[in-house]
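Reproduced below: upload-v3.txt, with compact mmCIF, C-alpha atoms.
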# COMPACT_ATOMS: atom_id res chain seq x y z
CA MET Q 481 -39.47 -33.54 19.69
CA ASN Q 482 -38.08 -37.07 20.09
CA GLU Q 483 -34.52 -37.77 21.27
CA VAL Q 484 -33.12 -38.48 17.76
CA THR Q 485 -34.53 -35.22 16.42
CA ARG Q 486 -33.18 -33.34 19.45
CA ARG Q 487 -29.68 -34.73 18.88
CA ILE Q 488 -29.78 -33.83 15.18
CA PHE Q 489 -30.82 -30.29 16.05
CA GLN Q 490 -28.11 -29.88 18.69
CA VAL Q 491 -25.33 -31.16 16.41
CA GLY Q 492 -26.51 -29.13 13.38
CA ALA Q 493 -26.80 -25.94 15.40
CA ALA Q 494 -23.36 -26.40 16.99
CA VAL Q 495 -21.67 -27.08 13.64
CA GLY Q 496 -23.39 -24.10 12.00
CA VAL Q 497 -22.40 -21.68 14.78
CA ALA Q 498 -18.81 -22.97 14.96
CA THR Q 499 -18.32 -22.79 11.20
CA ALA Q 500 -19.83 -19.30 11.00
CA ALA Q 501 -17.58 -18.13 13.84
CA SER Q 502 -14.54 -19.58 12.06
CA VAL Q 503 -15.38 -17.88 8.76
CA LEU Q 504 -16.12 -14.53 10.38
CA GLY Q 505 -12.93 -14.78 12.42
CA SER Q 506 -10.80 -15.37 9.32
CA ALA Q 507 -12.46 -12.47 7.51
CA THR Q 508 -11.77 -10.17 10.47
CA ALA Q 509 -8.14 -11.26 10.67
CA PHE Q 510 -7.73 -10.83 6.95
CA ALA Q 511 -9.11 -7.28 7.01
CA ALA Q 512 -7.44 -6.14 10.24
CA GLY Q 513 -4.87 -3.36 10.04
CA SER Q 514 -2.06 -2.39 12.37
CA GLY Q 515 -3.76 0.70 13.70
CA TYR Q 516 -1.08 3.08 12.39
CA THR Q 517 -3.04 6.31 12.71
CA PRO Q 518 -2.40 9.81 11.34
CA SER Q 519 -1.42 10.98 14.83
CA SER Q 520 1.47 8.50 14.84
CA GLY Q 521 3.11 9.92 11.78
CA THR Q 522 1.38 9.18 8.49
CA GLY Q 523 0.56 12.01 6.14
CA THR Q 524 -3.09 10.91 5.90
CA PRO Q 525 -5.42 13.51 7.42
CA ALA Q 526 -8.46 12.39 9.38
CA GLY Q 527 -11.59 11.70 7.35
CA VAL Q 528 -9.93 10.39 4.18
CA PRO Q 529 -12.07 7.59 2.69
CA GLY Q 530 -10.34 4.26 3.22
CA GLY Q 531 -8.53 5.30 6.40
CA PHE Q 532 -5.05 4.24 5.16
CA THR Q 533 -4.14 3.02 8.67
CA SER Q 534 -2.83 -0.47 7.84
CA VAL Q 535 0.96 -0.32 7.58
CA LEU Q 536 2.53 -2.30 4.74
CA THR Q 537 6.15 -1.39 5.51
CA THR Q 538 8.44 1.32 6.82
CA ALA Q 539 12.05 1.93 5.85
CA THR Q 540 14.68 4.63 6.19
CA VAL Q 541 16.20 6.09 3.04
CA GLN Q 542 19.52 7.91 3.16
CA PRO Q 543 20.22 11.19 1.30
CA SER Q 544 21.98 9.07 -1.35
CA GLY Q 545 18.57 7.66 -2.29
CA GLY Q 546 17.05 4.21 -2.26
CA THR Q 547 13.89 2.12 -2.71
CA VAL Q 548 11.15 0.99 -0.35
CA THR Q 549 8.94 -1.98 -1.25
CA GLY Q 550 5.73 -3.27 0.29
CA SER Q 551 3.03 -5.75 -0.67
CA ASP Q 552 -0.73 -5.46 -0.40
CA ASN Q 553 -2.50 -8.77 -1.13
CA GLY Q 554 -0.36 -9.60 -4.14
CA ASP Q 555 0.17 -6.05 -5.43
CA THR Q 556 3.79 -4.89 -5.00
CA VAL Q 557 4.35 -1.21 -4.25
CA THR Q 558 7.83 0.21 -4.90
CA VAL Q 559 8.82 3.76 -3.97
CA THR Q 560 12.07 5.03 -5.49
CA VAL Q 561 13.64 8.05 -3.80
CA PRO Q 562 16.34 9.72 -5.95
CA ALA Q 563 19.65 10.92 -4.55
CA GLY Q 564 19.38 14.41 -3.11
CA ALA Q 565 15.60 14.27 -2.62
CA PHE Q 566 16.23 14.82 1.09
CA THR Q 567 19.28 16.20 2.88
CA GLN Q 568 18.68 14.00 5.92
CA PRO Q 569 17.64 10.36 6.37
CA ALA Q 570 13.92 10.06 5.65
CA GLN Q 571 11.51 7.39 6.82
CA VAL Q 572 9.08 6.21 4.15
CA VAL Q 573 5.84 4.68 5.38
CA LEU Q 574 3.54 2.72 3.06
CA THR Q 575 -0.02 2.13 4.22
CA ALA Q 576 -3.04 0.36 2.72
CA GLY Q 577 -6.51 1.84 2.45
CA ASP Q 578 -9.88 0.07 2.67
CA VAL Q 579 -10.97 -0.39 -0.95
CA ALA Q 580 -14.58 -1.02 0.06
CA GLN Q 581 -14.79 2.37 1.80
CA ILE Q 582 -13.37 4.16 -1.24
CA GLY Q 583 -15.70 2.32 -3.63
CA SER Q 584 -15.92 4.07 -6.98
CA ALA Q 585 -14.05 7.20 -5.77
CA GLY Q 586 -16.81 9.17 -7.44
CA GLN Q 587 -16.12 7.68 -10.88
CA ALA Q 588 -19.13 6.04 -12.54
CA GLY Q 589 -18.52 2.46 -13.64
CA LYS Q 590 -15.30 2.21 -11.62
CA GLN Q 591 -14.25 0.24 -8.55
CA THR Q 592 -11.20 0.60 -6.31
CA VAL Q 593 -8.90 -2.42 -6.54
CA VAL Q 594 -5.92 -1.17 -4.53
CA ALA Q 595 -5.34 1.82 -2.25
CA VAL Q 596 -1.93 2.95 -1.00
CA GLY Q 597 -0.83 5.83 1.18
CA ILE Q 598 2.77 7.14 0.98
CA SER Q 599 4.18 9.21 3.83
CA VAL Q 600 7.65 10.67 4.36
CA LEU Q 601 8.96 11.59 7.81
CA VAL Q 602 12.13 13.55 8.56
CA ASN Q 603 13.29 13.70 12.19
CA ASN Q 604 10.12 11.77 13.10
CA THR Q 605 7.97 14.56 11.71
CA THR Q 606 5.78 14.31 8.63
CA PHE Q 607 7.39 16.16 5.75
CA THR Q 608 5.18 18.99 4.60
CA GLY Q 609 5.29 20.91 1.37
CA THR Q 610 6.80 19.79 -1.91
CA PHE Q 611 9.57 17.21 -2.16
CA PRO Q 612 12.84 18.70 -3.50
CA LYS Q 613 12.81 16.00 -6.19
CA PRO Q 614 9.89 13.88 -7.49
CA ILE Q 615 9.63 10.36 -6.11
CA THR Q 616 8.70 7.52 -8.47
CA VAL Q 617 6.05 4.99 -7.47
CA THR Q 618 5.18 1.71 -9.18
CA ILE Q 619 2.36 -0.64 -8.23
CA ALA Q 620 2.78 -4.01 -9.90
CA GLY Q 621 -0.45 -5.97 -10.07
CA ASN Q 622 -2.87 -7.18 -12.69
CA PHE Q 623 -4.03 -3.80 -13.95
CA ALA Q 624 -5.50 -3.15 -17.39
CA THR Q 625 -4.64 -0.22 -19.64
CA GLY Q 626 -8.14 1.20 -19.06
CA ASP Q 627 -7.65 1.38 -15.29
CA GLU Q 628 -7.09 4.76 -13.67
CA VAL Q 629 -4.83 6.08 -10.89
CA VAL Q 630 -6.43 8.75 -8.70
CA VAL Q 631 -5.27 10.78 -5.70
CA TYR Q 632 -7.36 12.17 -2.83
CA ASN Q 633 -7.52 15.95 -2.43
CA PRO Q 634 -8.43 16.83 1.19
CA SER Q 635 -9.22 20.44 0.30
CA THR Q 636 -12.02 19.37 -2.06
CA SER Q 637 -12.83 16.01 -0.42
CA SER Q 638 -12.64 14.34 -3.80
CA TRP Q 639 -10.49 12.06 -5.95
CA SER Q 640 -8.83 13.23 -9.16
CA PRO Q 641 -6.56 11.61 -11.79
CA VAL Q 642 -2.83 11.54 -11.07
CA PRO Q 643 -1.12 13.61 -13.79
CA GLY Q 644 1.26 11.58 -15.94
CA ALA Q 645 0.25 8.21 -14.46
CA THR Q 646 0.61 5.29 -16.88
CA ILE Q 647 -0.47 1.64 -16.79
CA ALA Q 648 1.40 -0.91 -18.89
CA ASN Q 649 2.04 -4.64 -18.53
CA GLY Q 650 -0.13 -4.75 -15.43
CA THR Q 651 1.91 -2.08 -13.60
CA ALA Q 652 0.88 1.45 -12.66
CA THR Q 653 3.68 4.05 -12.67
CA PHE Q 654 3.57 7.68 -11.54
CA SER Q 655 5.54 10.36 -9.72
CA ILE Q 656 4.69 12.23 -6.53
CA THR Q 657 5.94 15.50 -5.06
CA SER Q 658 4.12 15.28 -1.70
CA ASP Q 659 2.48 12.72 0.62
CA PRO Q 660 -0.48 11.27 -1.30
CA ASP Q 661 -3.26 8.74 -0.75
CA ILE Q 662 -3.58 6.83 -4.02
CA ALA Q 663 -6.24 4.49 -5.41
CA VAL Q 664 -6.26 2.43 -8.60
CA LEU Q 665 -9.69 2.15 -10.20
CA ALA Q 666 -10.82 -0.62 -12.53
CA SER Q 667 -13.95 -1.02 -14.60
CA THR Q 668 -16.72 -2.75 -12.62
CA SER Q 669 -17.25 -5.08 -15.59
CA SER Q 670 -13.92 -6.75 -14.78
CA ALA Q 671 -14.67 -7.23 -11.08
CA VAL Q 672 -14.40 -10.70 -9.59
CA THR Q 673 -17.80 -11.97 -8.49
CA GLY Q 674 -18.11 -11.96 -4.71
CA ALA Q 675 -14.88 -10.06 -4.10
CA THR Q 676 -13.97 -6.50 -3.13
CA SER Q 677 -11.22 -6.13 -5.71
CA ALA Q 678 -11.41 -6.50 -9.46
CA SER Q 679 -7.81 -7.58 -9.82
CA THR Q 680 -6.82 -9.05 -6.49
CA GLY Q 681 -10.02 -10.93 -5.70
CA LYS Q 682 -9.92 -10.03 -2.00
CA PRO Q 683 -12.54 -12.36 -0.48
CA PHE Q 684 -14.08 -10.14 2.16
CA LEU Q 685 -17.61 -10.29 0.78
CA LEU Q 686 -17.29 -13.95 -0.18
CA GLU Q 687 -16.32 -14.95 3.34
CA GLY Q 688 -18.95 -12.71 4.91
CA GLY Q 689 -21.61 -14.11 2.57
CA ALA Q 690 -20.65 -17.66 3.47
CA ALA Q 691 -20.96 -16.87 7.16
CA ALA Q 692 -24.37 -15.25 6.64
CA ALA Q 693 -25.57 -18.29 4.71
CA LEU Q 694 -24.46 -20.58 7.54
CA VAL Q 695 -26.24 -18.48 10.14
CA LEU Q 696 -29.41 -18.36 8.01
CA GLY Q 697 -29.22 -22.08 7.41
CA GLY Q 698 -28.88 -22.73 11.14
CA THR Q 699 -31.86 -20.49 11.86
CA LEU Q 700 -34.05 -22.28 9.31
CA PHE Q 701 -32.83 -25.65 10.63
CA ALA Q 702 -33.81 -24.65 14.16
CA PHE Q 703 -37.18 -23.33 13.08
CA ARG Q 704 -38.02 -26.49 11.16
CA PHE Q 705 -37.45 -28.79 14.13
CA ARG Q 706 -38.59 -26.53 16.96
CA ARG Q 707 -41.96 -25.40 15.67
CA PRO Q 708 -44.84 -27.30 17.33
CA ARG Q 709 -46.67 -29.90 15.32
CA GLN Q 710 -50.28 -29.24 14.51
CA PRO Q 711 -52.70 -31.92 15.77
CA ARG Q 712 -54.22 -34.01 13.06
CA GLN Q 713 -57.86 -33.51 12.24
CA ALA Q 714 -60.08 -36.39 13.32
Would you encode the structure as C-alpha cells?
Amino acid sequence: MNEVTRRIFQVGAAVGVATAASVLGSATAFAAGSGYTPSSGTGTPAGVPGGFTSVLTTATVQPSGGTVTGSDNGDTVTVTVPAGAFTQPAQVVLTAGDVAQIGSAGQAGKQTVVAVGISVLVNNTTFTGTFPKPITVTIAGNFATGDEVVVYNPSTSSWSPVPGATIANGTATFSITSDPDIAVLASTSSAVTGATSASTGKPFLLEGGAAAALVLGGTLFAFRFRRPRQPRQA
C-alpha cells in the first residue's frame, strides 16, 4: 500500500466511524426515556409490551377538575378530569410506550403508531379500582378513520379494542375508568417507509439503517485497500 492509498484509507475510515457514531448517538438520544418505572408510581405493571417508562408529563389536578396535556413526537395527548372525579388532589402521569415493541398488538395488517400510558396517583399512591367518574382522553395526531384504539389487558396478556373509542379529524377520543396502557393502530399500508410510525414518521429505523450502511461501507472500503495484491503472471 503506497502512502497516498494509506492516507485515503485512514481518512475514509475515520469519517465513516465518526459519522456512524453520530447517527447512532442521535438515534439513542431520540429513543431514550426518563426511566420512570412502575415501582416509582405508574400504573403500568411489569411485562407490558412497550414498557411505558418514558414520562411525557405529570400534573396535579384538584377535586374541581382540570386537564393535563403532553406531547409525544407531534401527537398531543389531553386528559380531562371532571369535577368530583377525585375527592383529593390527584397526580396524573402520562407516559409513552415503545411502538416498535408493541408492533401489531396482535392485529393482522396493523402497526402501532402511538402508545400512551395514563396513571393516576392519590397521596403518592397509584389509584386502584374504578374511577368515580370517567376521564376523557383525546390524542390529536394524523389518524385515519380506519385506525383503531386498543388497551392492554394484563390478565390476558393481550390487546383489545377500547369500547366507545372514536377517530375523527385525525383525533382519537375515548373515556377511561382506570389506569390504562393505550395504543393506536394504523393499517400497515399507510406506514411511512423506513419509519417506526405510520403517522408520525419516527425515524428510528431510518437512522439505524443509515448507520449500518456507513459501517458496511467503511468495512468494504477497508477490505478493498487492505487486501494483498496478487502477483502478476509472467
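Interatomic distance, CA of Ser599 (chain Q) against CA of Thr616 (chain Q): 13.2 Å.
Comparing Q:Ala663, Q:Ala539, Q:Val557, Q:Val572 by their smallest distance to Leu601 (chain Q), the closest is Q:Val572 (using all atoms listed in the file).
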Discussion item. Let me make sure I understand: among Q:Trp639, Q:Phe623, Q:Phe532, Q:Phe566, which one has the smallest atom-to-atom distance to Thr651 (chain Q) if we use all atoms listed in the file?
Written reply: Q:Phe623
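Nearest to Phe654 (chain Q) of all the residues Q:Ile582, Q:Ala570, Q:Val541, Q:Val559 is Q:Val559, counting only C-alpha atoms.
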Fill in: Residue contacts of Ile656 (chain Q) (12 Å, only C-alpha atoms) excluding same-chain residues fewer than 3 positions away, as number ranges by chain
Q: 559-562, 565, 597-600, 609-618, 630-631, 642-645, 653, 659-662
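Taking CA of Thr567 (chain Q) and CA of Pro543 (chain Q) as the two end points, the separation is 5.3 Å.
In this structure, CA of Ala588 (chain Q) sits 24.9 Å away from CA of Asp552 (chain Q).
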Discussion item. I'd like the contact shell of Gly577 (chain Q) - 7 Å cut-off, only C-alpha atoms, skipping same-chain residues fewer than 3 positions apart - returned as a VMD selection string.
Written reply: chain Q and resid 530 to 534 595 to 596
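Of the residues under consideration (Q:Gly626, Q:Pro641, Q:Pro569, Q:Gly650), Q:Pro569 shows the shortest atom-to-atom contact distance to Phe607 (chain Q) when counting only C-alpha atoms.
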